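Quick notes on the structure that follows.
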Amino acid sequence: LLNINVGGKSFQLACKVLAQYPITRLGKLALYTDPAKKLQLCDDYLVQKNEYFFDRDPSVFHYIFHFYRSGVLWMMDEMCPSNFVEEIEYWGIHLKYSQRCCRILFEEKQDELSEYLKIEKELEAELEPLDSGQQFDGKFLGGFRKMVWNLIENPYSSVPAKIIAVMSSFFVLISIVGMTLSTVEEMKNKTGKMWMEQMEMICAIFFTSEYLMRLISSSSFKNFLRAAFNAIDLVAILPFYIQLLFENLDEADTLYHEELHKVENVSKLGKVLKLIKLMRIFRILKLARHSTGLRAFSFTMRQCYQQVCCLLLFIAMGVFTFSALIHSVEHDVPGTDFTSIPCAWWWAAVSLSTVGYGDTVPDTVLGRMVAFVCISFGIILNGMPISILYNKFSDYYAKLKAHELSQ
């Protein structure tokens, strides 16, 4: 018998049994005759008890001990996959000795752990700006840049930083409200235009100042340009300056501003300018910088893009399938709206989404049966990803909120 002590617990195994697995650590210990080689395999040797000591986890060694006695490696669900793999690699035992059912469950648990660690790493990257205050140490104007960085990026650092964060959200809302009111007919007079232009100028000045402060306080210009939030900030201020440039190019036309709001007489330059003005709507995305919920939602969408793409694929398949079915049973009905499959796409889309505007409805019994199946399929399809997305969103939101409160 070979006397083994693992973490303070003693075990005895027959050398004949261990010799059946010569590539394992204990198999080599049973086969070697040179004492020096044996001592290289263990952590210590107790001469009085003729016992080989291993400073390893005794709870995991119970499964190793059972393997040598039965020839089967068992694994329990409560074990940490990383720790168990590390232990069996130390003892020189391969997972192939485990039962297929155990191995499948164990590999699934490993995949879950890997996915969890991957998400944790990406969450840390999402929160990295809150932890980068130390990057200014030893750099040019490091103290000043760090102070500016705390004011702009870390609203929990001081009262002025909180005020700037509130002002940023306030100006975003004011800008969106101004863009909305500019489309109201009563606000298109001279006085209304003047107020809207002044409001837009004030918002643009604030956003520009905020962007420049972030640029000055950035520890890495390359990382600053690659950051998604900074790209949103740039998109928020560019339309104002592009609009000024275009208006200066066409300032000789005295009727330009009157004609700009008339779709039938608008020039190509005016159409481009309207598109640029519409880009101001992206300013609302700036709220995500100071909103934990929006950041968690964005992170959830990035993590669940495969499920979302799969859902969109199913919706597209449903639209094509049910539009073809409804056209085949309704195209002979006099006055039908299902004159072609493309014409039935809208009906299939609103039916799958269970909105059902009722602007296009089937008239025949077969058409109504197809509509019932389409709506039922839409209910099942829309209900599938809700629990997955909500659970992940609540988990990510809790983690982001906990990190913010710890600052």
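For the structure tokens, the naming scheme is as follows: chains receive sequential letters (A, B, ...) according to their order of presentation, residues are indexed from 1 within each chain, and ligands are indexed from 1 in presentation order.
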Query raised in the report: If we count only C-alpha atoms, what is near segment 352-365 of chain A at a cut-off of 12 Å, once residues fewer than 3 positions away on the same chain are taken out, given as a ChimeraX atom specification?
Result: /A:311-312,314-323,325-339,343-349,368-383
Keeping only C-alpha atoms, write those residues as a PDB file, in the first residue's frame.
```pdb
ATOM      1  CA  LEU A 311     -35.444  37.288 -33.224  1.00  0.00           C
ATOM      2  CA  LEU A 312     -35.231  39.637 -36.229  1.00  0.00           C
ATOM      3  CA  PHE A 314     -37.625  34.854 -37.168  1.00  0.00           C
ATOM      4  CA  ILE A 315     -39.686  37.998 -37.705  1.00  0.00           C
ATOM      5  CA  ALA A 316     -38.409  38.308 -41.287  1.00  0.00           C
ATOM      6  CA  MET A 317     -39.195  34.647 -41.939  1.00  0.00           C
ATOM      7  CA  GLY A 318     -42.675  35.102 -40.486  1.00  0.00           C
ATOM      8  CA  VAL A 319     -43.325  38.205 -42.591  1.00  0.00           C
ATOM      9  CA  PHE A 320     -42.328  36.473 -45.831  1.00  0.00           C
ATOM     10  CA  THR A 321     -44.178  33.249 -44.976  1.00  0.00           C
ATOM     11  CA  PHE A 322     -47.502  34.727 -43.863  1.00  0.00           C
ATOM     12  CA  SER A 323     -47.510  37.422 -46.552  1.00  0.00           C
ATOM     13  CA  LEU A 325     -49.949  32.617 -47.511  1.00  0.00           C
ATOM     14  CA  ILE A 326     -52.368  35.533 -47.179  1.00  0.00           C
ATOM     15  CA  HIS A 327     -51.755  36.554 -50.798  1.00  0.00           C
ATOM     16  CA  SER A 328     -52.414  33.041 -52.050  1.00  0.00           C
ATOM     17  CA  VAL A 329     -55.856  32.889 -50.367  1.00  0.00           C
ATOM     18  CA  GLU A 330     -56.917  36.529 -50.783  1.00  0.00           C
ATOM     19  CA  HIS A 331     -55.631  37.686 -54.171  1.00  0.00           C
ATOM     20  CA  ASP A 332     -58.851  36.628 -56.009  1.00  0.00           C
ATOM     21  CA  VAL A 333     -61.150  38.606 -53.689  1.00  0.00           C
ATOM     22  CA  PRO A 334     -62.547  41.742 -55.447  1.00  0.00           C
ATOM     23  CA  GLY A 335     -61.114  44.965 -54.027  1.00  0.00           C
ATOM     24  CA  THR A 336     -58.543  43.173 -51.885  1.00  0.00           C
ATOM     25  CA  ASP A 337     -55.476  44.983 -50.595  1.00  0.00           C
ATOM     26  CA  PHE A 338     -53.380  41.826 -50.928  1.00  0.00           C
ATOM     27  CA  THR A 339     -52.672  42.304 -54.627  1.00  0.00           C
ATOM     28  CA  CYS A 343     -48.241  44.557 -50.503  1.00  0.00           C
ATOM     29  CA  ALA A 344     -48.950  41.963 -47.783  1.00  0.00           C
ATOM     30  CA  TRP A 345     -45.644  42.576 -45.977  1.00  0.00           C
ATOM     31  CA  TRP A 346     -47.081  45.471 -43.956  1.00  0.00           C
ATOM     32  CA  TRP A 347     -50.063  43.396 -42.824  1.00  0.00           C
ATOM     33  CA  ALA A 348     -47.790  40.503 -41.821  1.00  0.00           C
ATOM     34  CA  ALA A 349     -45.449  42.827 -39.910  1.00  0.00           C
ATOM     35  CA  ARG A 368     -58.765  34.780 -41.263  1.00  0.00           C
ATOM     36  CA  MET A 369     -57.352  31.381 -40.332  1.00  0.00           C
ATOM     37  CA  VAL A 370     -53.981  32.431 -41.727  1.00  0.00           C
ATOM     38  CA  ALA A 371     -54.266  35.694 -39.767  1.00  0.00           C
ATOM     39  CA  PHE A 372     -55.030  33.787 -36.551  1.00  0.00           C
ATOM     40  CA  VAL A 373     -51.963  31.566 -37.005  1.00  0.00           C
ATOM     41  CA  CYS A 374     -49.859  34.637 -37.820  1.00  0.00           C
ATOM     42  CA  ILE A 375     -50.976  36.462 -34.654  1.00  0.00           C
ATOM     43  CA  SER A 376     -50.471  33.350 -32.501  1.00  0.00           C
ATOM     44  CA  PHE A 377     -46.974  32.907 -33.906  1.00  0.00           C
ATOM     45  CA  GLY A 378     -46.262  36.576 -33.183  1.00  0.00           C
ATOM     46  CA  ILE A 379     -47.355  36.235 -29.527  1.00  0.00           C
ATOM     47  CA  ILE A 380     -45.074  33.227 -29.022  1.00  0.00           C
ATOM     48  CA  LEU A 381     -42.211  34.872 -30.893  1.00  0.00           C
ATOM     49  CA  ASN A 382     -42.396  38.141 -28.956  1.00  0.00           C
ATOM     50  CA  GLY A 383     -42.615  36.360 -25.617  1.00  0.00           C
TER      51      GLY A 383
END
```
Report task. Within 10 Å of Gln307 of chain A, counting only C-alpha atoms, which residues show up once you throw out same-chain ones fewer than 5 positions away? Write them as JSON, numbers by chain, please. Result -> {"A": [301, 312, 313, 384, 385, 388, 389]}
Output file for the selection above: all heavy atoms, as a CSV table (one decimal), in the first residue's frame:
```
chain,number,residue,atom,x,y,z
A,301,MET,N,-28.0,45.1,-24.9
A,301,MET,CA,-28.2,44.9,-26.3
A,301,MET,C,-26.9,44.4,-27.0
A,301,MET,O,-27.0,43.6,-27.9
A,301,MET,CB,-28.6,46.2,-27.0
A,301,MET,CG,-30.0,46.7,-26.7
A,301,MET,SD,-31.3,45.5,-27.3
A,301,MET,CE,-31.7,44.7,-25.8
A,312,LEU,N,-35.0,38.9,-35.0
A,312,LEU,CA,-35.2,39.6,-36.2
A,312,LEU,C,-35.3,38.7,-37.4
A,312,LEU,O,-36.1,38.9,-38.3
A,312,LEU,CB,-34.1,40.7,-36.5
A,312,LEU,CG,-34.1,41.8,-35.5
A,312,LEU,CD1,-32.9,42.8,-35.8
A,312,LEU,CD2,-35.4,42.6,-35.5
A,313,LEU,N,-34.5,37.6,-37.4
A,313,LEU,CA,-34.5,36.6,-38.5
A,313,LEU,C,-35.9,35.9,-38.5
A,313,LEU,O,-36.5,35.7,-39.5
A,313,LEU,CB,-33.4,35.6,-38.3
A,313,LEU,CG,-33.3,34.5,-39.3
A,313,LEU,CD1,-33.2,35.0,-40.7
A,313,LEU,CD2,-32.2,33.5,-38.9
A,384,MET,N,-40.7,35.1,-26.3
A,384,MET,CA,-39.5,34.2,-26.1
A,384,MET,C,-38.3,35.0,-25.5
A,384,MET,O,-37.8,34.5,-24.5
A,384,MET,CB,-39.1,33.6,-27.4
A,384,MET,CG,-39.9,32.4,-27.9
A,384,MET,SD,-39.5,31.8,-29.5
A,384,MET,CE,-37.8,31.5,-29.4
A,385,PRO,N,-37.9,36.1,-26.0
A,385,PRO,CA,-36.7,36.7,-25.5
A,385,PRO,C,-36.9,37.7,-24.3
A,385,PRO,O,-35.9,38.2,-23.8
A,385,PRO,CB,-36.2,37.5,-26.7
A,385,PRO,CG,-37.4,38.0,-27.4
A,385,PRO,CD,-38.4,36.9,-27.2
A,388,ILE,N,-35.2,36.6,-21.0
A,388,ILE,CA,-33.7,36.6,-21.1
A,388,ILE,C,-33.2,38.0,-21.0
A,388,ILE,O,-32.3,38.3,-20.3
A,388,ILE,CB,-33.3,35.9,-22.4
A,388,ILE,CG1,-33.8,34.4,-22.4
A,388,ILE,CG2,-31.8,36.0,-22.6
A,388,ILE,CD1,-33.5,33.7,-23.7
A,389,LEU,N,-33.8,38.9,-21.8
A,389,LEU,CA,-33.3,40.3,-21.9
A,389,LEU,C,-33.5,41.0,-20.6
A,389,LEU,O,-32.7,41.7,-20.1
A,389,LEU,CB,-34.0,41.0,-23.0
A,389,LEU,CG,-33.8,40.5,-24.4
A,389,LEU,CD1,-34.6,41.3,-25.4
A,389,LEU,CD2,-32.3,40.7,-24.8
```
Report task. Might you pull out every residue within 12 Å of Ala228 of chain A, with only C-alpha atoms counted and same-chain residues fewer than 5 positions away left off, and present them as a PyMOL selection string? Result -> chain A and resi 126+223+233-235+285-286+288-289+295+298
Output of the above residues as a short mmCIF file (atom, residue, chain, number, x, y, z; two decimals), in the first residue's frame, restricted to N, CA and C atoms:
```cif
data_model
loop_
_atom_site.label_atom_id
_atom_site.label_comp_id
_atom_site.auth_asym_id
_atom_site.auth_seq_id
_atom_site.Cartn_x
_atom_site.Cartn_y
_atom_site.Cartn_z
N GLU A 126 -16.51 48.90 -19.40
CA GLU A 126 -17.57 49.90 -19.48
C GLU A 126 -17.41 50.95 -18.39
N ASN A 223 -7.55 56.85 -27.41
CA ASN A 223 -8.69 56.23 -26.73
C ASN A 223 -9.88 57.18 -26.67
N ASP A 233 -20.94 62.78 -28.44
CA ASP A 233 -20.78 64.21 -28.16
C ASP A 233 -20.41 64.99 -29.41
N LEU A 234 -19.55 64.40 -30.24
CA LEU A 234 -19.14 65.08 -31.46
C LEU A 234 -20.30 65.21 -32.43
N VAL A 235 -21.11 64.15 -32.54
CA VAL A 235 -22.29 64.19 -33.41
C VAL A 235 -23.29 65.23 -32.91
N LEU A 285 -28.93 60.82 -26.90
CA LEU A 285 -28.05 59.73 -26.48
C LEU A 285 -27.03 60.18 -25.44
N LYS A 286 -26.81 61.49 -25.34
CA LYS A 286 -25.89 62.00 -24.33
C LYS A 286 -26.40 61.72 -22.92
N ALA A 288 -27.29 59.00 -21.84
CA ALA A 288 -26.78 57.70 -21.41
C ALA A 288 -25.51 57.84 -20.58
N ARG A 289 -24.78 58.95 -20.76
CA ARG A 289 -23.55 59.14 -20.00
C ARG A 289 -23.82 59.25 -18.50
N ARG A 295 -27.26 53.05 -19.84
CA ARG A 295 -25.99 52.34 -20.05
C ARG A 295 -26.20 50.83 -19.91
N SER A 298 -27.94 49.64 -23.07
CA SER A 298 -27.00 49.54 -24.19
C SER A 298 -26.10 48.32 -24.04
#
```
Query raised in the report: So which residues of segment 205-402 of chain A fall under alpha helix (DSSP H) by DSSP, listed as a ChimeraX atom specification?
Result: /A:205-216,221-226,228-249,256-260,268-278,292-303,305-330,341-352,365-383,386-402
Report task. Find the spatial neighbours of Thr180 of chain A, counting only C-alpha atoms, within a cut-off of 12 Å - ignore same-chain residues fewer than 3 positions away - and output them as a list in words. Result -> Leu173, Ile174, Ser175, Ile176, Val177, Thr183, Val184, Glu185, Met187, Lys188, Met196, Glu200, Lys277, Leu278, Arg280 and Ile281 of chain A
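The list of residues with at least one atom within 8 Å of segment 4-17 of chain A, based on only C-alpha atoms and without residues fewer than 5 positions apart in the same chain, reads Gly27, Ala30, Leu31, Glu51, Tyr52, Phe53, Phe54, Asp55, Arg56, Asp57, Pro58, Phe61, Phe65, Tyr68 and Arg69 of chain A.
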Report task. Work out how far atom CA of Asn230 of chain A is from atom CA of Leu215 of chain A, in Å to one decimal. Result ->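 Going from atom CA of Leu215 of chain A over to atom CA of Asn230 of chain A covers 8.9 Å.
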Requested in this report: In Å, rounded to a single decimal, give me how far atom CA of Lys121 of chain A is from atom CA of Lys392 of chain A.
Outcome: 15.4 Å
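Take atom CA of Ser168 of chain A and atom CA of Ser220 of chain A: the distance between them is 23.0 Å.
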Query - Long-range neighbours of Phe170 of chain A as a list of chain:residue names, 12 Å cut-off, only C-alpha atoms, 6 positions minimum in chain - result: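 So, after excluding close chain neighbours, the residues are A:Ile163, A:Ile164, A:Ile176, A:Val177, A:Cys203, A:Phe206, A:Phe207, A:Arg283, A:Ile284, A:Lys286, A:Leu287, A:His290.
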**Report entry** Selection: 12 Å around Cys101 of chain A, only C-alpha atoms, excl. self and same-chain fewer than 6 positions, as a PyMOL selection string
**Finding:** chain A and resi 73-77+95+107-108
